[in-house]
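**Q** I am attaching a structure below and will ask some questions about it afterwards.
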Amino acid sequence: MSHKILVIDDDTNICELLKLCLTKEDYEVITALGGAEGIAMFKVYEPDLVILDIMMPKKDGWQVCREIREISSKPIIMLTAKNEVFDKVLGLELGADDYITKPMEMKEVYARVKAVLRRAKNQENDSDIEIIKFENLEISLQKYELKLRNKTVDIPPKELELLNFLVSNVNRVFTRDQLLDKVWGFDYLGDSRTVDVHVKRLREKLDGVSDKWNLKTVWGVGYKFELLQ
């Protein structure tokens with residue numbers, strides 16, 4: 001069964017180009033012209049992946065990404081005409097899985113789509129009903145749910161996957177490259193700043209939750225989930 005991809009962009013030419021090229025790769029593609037239409041199509045179409053433009057009028061890609069993340073953990077690839085780190089970081093903080101900078105090379109599009117879908121499939125296969133528990137902390141990857149002090153906390157999927165990996169390897173130190181490999185996938189095309197952004201956001205959520213564990217920086221090496229008592 002072919003994967004379903006939803007392309008959300010206010011540029012008709014971009015939509016048609018992506019639809020034409022991805023259809024040739026045996027993906028089922030539907031397009032939406034703008035953010036509001038994109039949200040509506042997402043709910044009806046239930047795609048396996050979203051390719052989402054950032055710079056759209058009325059409802060931009062940031063808002064669309066937020067709204068999708070409120071109802072789904074399906075992977076999102078952001079399209080940006082800019083190359084500033086700010087765009088990439090903000091997208092990742094909001095829960096995007098990857099990004100592509102315009103003008104696009106279709107070989108890069110194919111590679112990123114294939115890699116993101118493969119990672120999503122692997123994570124789905126690896127999920128189980130086990131709930132990881134430490135004081136005031138519960139993680140369920142199957143439900144994509146984080147509880148702090150018995151209250152469910154909103155968290156982007158990639159942040160949860162990173163936290164789950166570190167918590168599953170108590171007191172083990174991982175470099176940024178190792179975390180990119182284990183959490184984002186060996187073929188992830190981003191850089192190590194992605195890890196720093198996600199760790200920063202996790203620390204904001206975990207601050208003051210417990211004095212028996214923490215998310216620790218090992219200077220010059222990387223990060224670990226450390227038991228203190």
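So you can find residues: chains in the structure tokens are A, B, ... in the order shown, residues in each start at 1, and ligands are numbered from 1 in order.
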Neighbouring residues of Pro75 (chain A) were defined as those with any atom within 8 Å, considering only C-alpha atoms; residues of the same chain fewer than 2 positions away were excluded. Please report them as a PyMOL selection string.
**A** chain A and resi 48-50+73+77+96-97+116-117+120
**Q** Neighbouring residues of region 218-224 of chain A were defined as those with any atom within 9 Å, considering only C-alpha atoms; residues of the same chain fewer than 6 positions away were excluded. Please report them as a list of chain:residue names.
**A**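 These residues fall inside the cut-off: A:Leu166, A:Val167, A:Asn169, A:Val170, A:Asn171, A:Arg172, A:Val173, A:Phe174, A:Thr175, A:Arg176, A:Asp177, A:Leu179, A:Val199.
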**Q** Store the residues of this selection in a file with all heavy atoms, as a compact mmCIF listing (two decimals), in the first residue's frame.
**A**
```
# COMPACT_ATOMS: atom_id res chain seq x y z
N LEU A 166 16.72 8.58 26.28
CA LEU A 166 17.65 8.86 27.38
C LEU A 166 17.22 8.18 28.67
O LEU A 166 18.04 7.59 29.38
CB LEU A 166 17.76 10.37 27.59
CG LEU A 166 18.49 11.14 26.49
CD1 LEU A 166 18.29 12.65 26.67
CD2 LEU A 166 19.97 10.80 26.47
N VAL A 167 15.91 8.22 28.95
CA VAL A 167 15.40 7.60 30.17
C VAL A 167 15.55 6.08 30.12
O VAL A 167 15.71 5.42 31.15
CB VAL A 167 13.92 8.01 30.40
CG1 VAL A 167 13.28 7.20 31.51
CG2 VAL A 167 13.83 9.50 30.73
N ASN A 169 18.01 4.59 28.97
CA ASN A 169 19.45 4.30 29.09
C ASN A 169 20.03 5.11 30.25
O ASN A 169 20.91 5.96 30.06
CB ASN A 169 20.17 4.63 27.79
CG ASN A 169 19.75 3.72 26.64
OD1 ASN A 169 20.28 2.63 26.48
ND2 ASN A 169 18.79 4.19 25.85
N VAL A 170 19.52 4.84 31.44
CA VAL A 170 19.87 5.62 32.63
C VAL A 170 21.38 5.67 32.84
O VAL A 170 22.08 4.65 32.75
CB VAL A 170 19.20 5.01 33.87
CG1 VAL A 170 19.66 5.72 35.14
CG2 VAL A 170 17.69 5.11 33.74
N ASN A 171 21.87 6.89 33.10
CA ASN A 171 23.27 7.17 33.44
C ASN A 171 24.25 6.92 32.29
O ASN A 171 25.47 7.02 32.49
CB ASN A 171 23.73 6.36 34.66
CG ASN A 171 23.02 6.81 35.93
OD1 ASN A 171 22.67 7.98 36.08
ND2 ASN A 171 22.80 5.88 36.86
N ARG A 172 23.76 6.63 31.09
CA ARG A 172 24.64 6.48 29.94
C ARG A 172 24.74 7.81 29.19
O ARG A 172 23.74 8.48 28.94
CB ARG A 172 24.11 5.41 28.98
CG ARG A 172 24.31 3.99 29.46
CD ARG A 172 23.94 3.01 28.37
NE ARG A 172 24.73 3.22 27.15
CZ ARG A 172 24.49 2.57 26.00
NH1 ARG A 172 23.48 1.71 25.93
NH2 ARG A 172 25.25 2.79 24.94
N VAL A 173 25.96 8.17 28.85
CA VAL A 173 26.21 9.43 28.15
C VAL A 173 26.18 9.18 26.64
O VAL A 173 26.79 8.23 26.15
CB VAL A 173 27.57 10.03 28.55
CG1 VAL A 173 27.78 11.37 27.83
CG2 VAL A 173 27.65 10.22 30.05
N PHE A 174 25.48 10.05 25.92
CA PHE A 174 25.42 9.95 24.46
C PHE A 174 25.86 11.28 23.84
O PHE A 174 25.46 12.35 24.31
CB PHE A 174 23.99 9.63 24.00
CG PHE A 174 23.52 8.27 24.40
CD1 PHE A 174 22.83 8.09 25.59
CD2 PHE A 174 23.77 7.16 23.59
CE1 PHE A 174 22.39 6.83 25.97
CE2 PHE A 174 23.35 5.90 23.97
CZ PHE A 174 22.65 5.73 25.16
N THR A 175 26.65 11.19 22.81
CA THR A 175 27.04 12.40 22.08
C THR A 175 25.85 12.89 21.26
O THR A 175 24.87 12.16 21.05
CB THR A 175 28.21 12.12 21.13
OG1 THR A 175 27.78 11.24 20.09
CG2 THR A 175 29.40 11.51 21.88
N ARG A 176 25.95 14.11 20.77
CA ARG A 176 24.88 14.65 19.93
C ARG A 176 24.71 13.81 18.67
O ARG A 176 23.59 13.54 18.23
CB ARG A 176 25.18 16.10 19.58
CG ARG A 176 25.09 17.03 20.78
CD ARG A 176 25.67 18.41 20.46
NE ARG A 176 25.54 19.32 21.59
CZ ARG A 176 26.39 19.34 22.62
NH1 ARG A 176 27.40 18.47 22.67
NH2 ARG A 176 26.21 20.21 23.61
N ASP A 177 25.81 13.39 18.08
CA ASP A 177 25.73 12.57 16.86
C ASP A 177 25.08 11.23 17.14
O ASP A 177 24.31 10.71 16.32
CB ASP A 177 27.13 12.37 16.26
CG ASP A 177 27.67 13.62 15.59
OD1 ASP A 177 26.85 14.51 15.27
OD2 ASP A 177 28.89 13.72 15.40
N LEU A 179 22.83 10.65 19.44
CA LEU A 179 21.40 10.90 19.64
C LEU A 179 20.70 11.16 18.31
O LEU A 179 19.57 10.70 18.09
CB LEU A 179 21.20 12.07 20.60
CG LEU A 179 21.63 11.78 22.05
CD1 LEU A 179 21.59 13.06 22.87
CD2 LEU A 179 20.74 10.72 22.67
N VAL A 199 16.78 19.36 23.83
CA VAL A 199 17.14 19.22 25.24
C VAL A 199 16.72 20.47 26.01
O VAL A 199 16.20 20.38 27.13
CB VAL A 199 18.66 18.97 25.40
CG1 VAL A 199 19.08 19.10 26.87
CG2 VAL A 199 19.02 17.59 24.88
```
**Q** Need the shell around Lys102 (chain A): protein/DNA/RNA residues with any atom at most 7 Å away, counting only C-alpha atoms. Skip same-chain ones fewer than 4 positions apart. Format as a PyMOL selection string?
**A** chain A and resi 79-81
**Q** Just checking: using only C-alpha atoms, which residue out of A:Arg193, A:Ile76, A:Gln63, A:Ile71 ends up closest to Leu6 (chain A)?
**A** A:Ile76
**Q** In Å, rounded to a single decimal, give me how far CA of Leu33 (chain A) is from CA of Thr12 (chain A).
**A**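 So the two atoms, CA of Thr12 (chain A) and CA of Leu33 (chain A), lie 7.0 Å apart.
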**Q** Can you tell me which residues surround Lys133 (chain A) at a distance of at most 12 Å, considering only C-alpha atoms, apart from same-chain residues fewer than 6 positions away, and format the answer as an MDAnalysis selection string?
**A** chainID A and resid 139:140 146:150 164 167:168 170 213
**Q** Give me a file of those residues, with N, CA, C and O atoms, as a tab-separated table (two decimals), in the first residue's frame.
**A**
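Everything below was put into part_35.tsv:
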```
chain	number	residue	atom	x	y	z
A	139	ILE	N	6.36	7.84	30.93
A	139	ILE	CA	6.44	7.97	29.48
A	139	ILE	C	5.82	6.75	28.83
A	139	ILE	O	6.16	5.61	29.17
A	140	SER	N	4.92	6.97	27.88
A	140	SER	CA	4.37	5.90	27.06
A	140	SER	C	4.55	6.28	25.59
A	140	SER	O	3.92	7.22	25.10
A	146	LEU	N	3.33	11.95	27.83
A	146	LEU	CA	4.22	12.25	28.94
A	146	LEU	C	3.39	12.74	30.11
A	146	LEU	O	2.55	13.63	29.96
A	147	LYS	N	3.62	12.15	31.29
A	147	LYS	CA	2.96	12.60	32.50
A	147	LYS	C	4.01	13.07	33.50
A	147	LYS	O	4.98	12.36	33.77
A	148	LEU	N	3.80	14.25	34.03
A	148	LEU	CA	4.65	14.80	35.07
A	148	LEU	C	3.76	15.08	36.28
A	148	LEU	O	2.76	15.79	36.15
A	149	ARG	N	4.12	14.49	37.42
A	149	ARG	CA	3.30	14.60	38.64
A	149	ARG	C	1.85	14.17	38.35
A	149	ARG	O	0.88	14.80	38.79
A	150	ASN	N	1.72	13.09	37.56
A	150	ASN	CA	0.43	12.48	37.23
A	150	ASN	C	-0.46	13.35	36.33
A	150	ASN	O	-1.64	13.04	36.15
A	164	ASN	N	12.45	9.62	25.92
A	164	ASN	CA	12.26	8.19	26.11
A	164	ASN	C	13.57	7.44	25.92
A	164	ASN	O	13.90	6.52	26.70
A	167	VAL	N	15.91	8.22	28.95
A	167	VAL	CA	15.40	7.60	30.17
A	167	VAL	C	15.55	6.08	30.12
A	167	VAL	O	15.71	5.42	31.15
A	168	SER	N	15.50	5.52	28.92
A	168	SER	CA	15.66	4.06	28.76
A	168	SER	C	17.11	3.63	28.90
A	168	SER	O	17.41	2.43	28.94
A	170	VAL	N	19.52	4.84	31.44
A	170	VAL	CA	19.87	5.62	32.63
A	170	VAL	C	21.38	5.67	32.84
A	170	VAL	O	22.08	4.65	32.75
A	213	TRP	N	16.37	12.78	39.88
A	213	TRP	CA	16.92	12.57	38.54
A	213	TRP	C	16.99	13.91	37.83
A	213	TRP	O	16.32	14.86	38.21
```
**Q** Would you kindly return, as a PyMOL selection string, each protein, DNA or RNA residue with an atom no farther than 9 Å from any atom of Glu37 (chain A), considering only C-alpha atoms and excluding same-chain residues fewer than 5 positions away?
**A** chain A and resi 8+32+42
**Q** For CA of Lys200 (chain A) and CA of Val153 (chain A), determine how far apart the two atoms are, in Å to one decimal place.
**A** 16.0 Å
**Q** What is the CA of Leu94 (chain A)-CA of Lys74 (chain A) distance in Å, reported with one decimal?
**A**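 Separating CA of Leu94 (chain A) from CA of Lys74 (chain A) is a distance of 13.1 Å.
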**Q** Calculated over only C-alpha atoms, which of the candidates A:Val44, A:Glu67, A:Ile51, A:Tyr110 has the smallest distance to Glu25 (chain A)?
**A**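 Smallest distance to Glu25 (chain A) is found for A:Tyr110.
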**Q** For the helix (DSSP H, G or I) assignment from backbone DSSP, which residues of region 35-66 of chain A qualify? Please present them as a ChimeraX atom specification.
**A** /A:35-45,61-66
**Q** Excluding same-chain residues fewer than 6 positions from Leu162 (chain A), what lies within 10 Å of it counting only C-alpha atoms, as a ChimeraX atom specification?
**A** /A:168,179-180,182-184,195,198-199,202
**Q** Given only C-alpha atoms as the basis, pick out the residue of A:Leu20, A:Thr152, A:Glu70, A:Lys114 nearest to Ser2 (chain A).
**A**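 Of all the options, A:Lys114 lies closest to Ser2 (chain A).
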**Q** Extract the full set of strand (DSSP E or B) residues from region 57-109 of chain A according to DSSP on the backbone, and format it as a VMD selection string.
**A** chain A and resid 76 to 80 98 to 101
**Q** Go ahead and save the picked residues with N, CA, C and O atoms, as a PDB file, in the first residue's frame.
**A**
```pdb
ATOM      1  N   ILE A  76       5.988  15.570   9.857  1.00  0.00           N
ATOM      2  CA  ILE A  76       5.841  16.809   9.105  1.00  0.00           C
ATOM      3  C   ILE A  76       7.206  17.249   8.590  1.00  0.00           C
ATOM      4  O   ILE A  76       8.166  17.325   9.366  1.00  0.00           O
ATOM      5  N   ILE A  77       7.288  17.531   7.301  1.00  0.00           N
ATOM      6  CA  ILE A  77       8.481  18.135   6.702  1.00  0.00           C
ATOM      7  C   ILE A  77       8.129  19.572   6.337  1.00  0.00           C
ATOM      8  O   ILE A  77       7.177  19.814   5.598  1.00  0.00           O
ATOM      9  N   MET A  78       8.887  20.525   6.871  1.00  0.00           N
ATOM     10  CA  MET A  78       8.632  21.941   6.606  1.00  0.00           C
ATOM     11  C   MET A  78       9.359  22.391   5.342  1.00  0.00           C
ATOM     12  O   MET A  78      10.498  21.979   5.097  1.00  0.00           O
ATOM     13  N   LEU A  79       8.702  23.252   4.562  1.00  0.00           N
ATOM     14  CA  LEU A  79       9.320  23.898   3.404  1.00  0.00           C
ATOM     15  C   LEU A  79       9.593  25.351   3.755  1.00  0.00           C
ATOM     16  O   LEU A  79       8.698  26.047   4.254  1.00  0.00           O
ATOM     17  N   THR A  80      10.812  25.798   3.543  1.00  0.00           N
ATOM     18  CA  THR A  80      11.139  27.198   3.823  1.00  0.00           C
ATOM     19  C   THR A  80      11.955  27.790   2.691  1.00  0.00           C
ATOM     20  O   THR A  80      12.858  27.142   2.159  1.00  0.00           O
ATOM     21  N   ASP A  98      11.487  17.319   9.981  1.00  0.00           N
ATOM     22  CA  ASP A  98      12.594  17.647   9.083  1.00  0.00           C
ATOM     23  C   ASP A  98      12.209  18.918   8.327  1.00  0.00           C
ATOM     24  O   ASP A  98      11.107  19.442   8.490  1.00  0.00           O
ATOM     25  N   TYR A  99      13.108  19.404   7.511  1.00  0.00           N
ATOM     26  CA  TYR A  99      12.853  20.611   6.740  1.00  0.00           C
ATOM     27  C   TYR A  99      13.571  20.525   5.398  1.00  0.00           C
ATOM     28  O   TYR A  99      14.569  19.827   5.235  1.00  0.00           O
ATOM     29  N   ILE A 100      13.034  21.242   4.418  1.00  0.00           N
ATOM     30  CA  ILE A 100      13.637  21.339   3.091  1.00  0.00           C
ATOM     31  C   ILE A 100      13.670  22.819   2.719  1.00  0.00           C
ATOM     32  O   ILE A 100      12.673  23.527   2.873  1.00  0.00           O
ATOM     33  N   THR A 101      14.811  23.285   2.244  1.00  0.00           N
ATOM     34  CA  THR A 101      14.956  24.687   1.865  1.00  0.00           C
ATOM     35  C   THR A 101      14.724  24.864   0.361  1.00  0.00           C
ATOM     36  O   THR A 101      15.274  24.129  -0.452  1.00  0.00           O
TER      37      THR A 101
END
```
**Q** Which polymer residues have any atom within 10 Å of an atom of region 208-210 of chain A, counting only C-alpha atoms, with same-chain residues fewer than 6 positions away left out, as a list of chain:residue names?
**A**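 The residues satisfying every condition are A:Phe134, A:Glu135, A:Asn136, A:Leu137, A:Leu148, A:Arg149, A:Leu228.
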**Q** Using N, CA, C and O atoms, can you export the residues from the last selection as a PDB file, in the first residue's frame?
**A**
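See result-v6.pdb below for the written result:
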```
ATOM      1  N   PHE A 134       9.658   6.938  36.564  1.00  0.00           N
ATOM      2  CA  PHE A 134      10.544   7.402  37.623  1.00  0.00           C
ATOM      3  C   PHE A 134       9.722   8.377  38.466  1.00  0.00           C
ATOM      4  O   PHE A 134       8.568   8.663  38.131  1.00  0.00           O
ATOM      5  N   GLU A 135      10.297   8.866  39.531  1.00  0.00           N
ATOM      6  CA  GLU A 135       9.525   9.741  40.404  1.00  0.00           C
ATOM      7  C   GLU A 135       8.942  10.922  39.624  1.00  0.00           C
ATOM      8  O   GLU A 135       9.677  11.682  38.975  1.00  0.00           O
ATOM      9  N   ASN A 136       7.609  11.050  39.673  1.00  0.00           N
ATOM     10  CA  ASN A 136       6.878  12.149  39.042  1.00  0.00           C
ATOM     11  C   ASN A 136       6.996  12.173  37.520  1.00  0.00           C
ATOM     12  O   ASN A 136       6.699  13.185  36.887  1.00  0.00           O
ATOM     13  N   LEU A 137       7.423  11.036  36.934  1.00  0.00           N
ATOM     14  CA  LEU A 137       7.641  10.974  35.489  1.00  0.00           C
ATOM     15  C   LEU A 137       7.129   9.656  34.932  1.00  0.00           C
ATOM     16  O   LEU A 137       7.473   8.590  35.436  1.00  0.00           O
ATOM     17  N   LEU A 148       3.802  14.251  34.026  1.00  0.00           N
ATOM     18  CA  LEU A 148       4.649  14.800  35.071  1.00  0.00           C
ATOM     19  C   LEU A 148       3.757  15.083  36.278  1.00  0.00           C
ATOM     20  O   LEU A 148       2.755  15.790  36.155  1.00  0.00           O
ATOM     21  N   ARG A 149       4.124  14.493  37.420  1.00  0.00           N
ATOM     22  CA  ARG A 149       3.297  14.603  38.636  1.00  0.00           C
ATOM     23  C   ARG A 149       1.854  14.172  38.349  1.00  0.00           C
ATOM     24  O   ARG A 149       0.883  14.801  38.792  1.00  0.00           O
ATOM     25  N   LEU A 228      20.027  10.661  40.661  1.00  0.00           N
ATOM     26  CA  LEU A 228      20.810  11.357  41.677  1.00  0.00           C
ATOM     27  C   LEU A 228      20.803  10.640  43.015  1.00  0.00           C
ATOM     28  O   LEU A 228      21.679  10.845  43.837  1.00  0.00           O
TER      29      LEU A 228
END
```
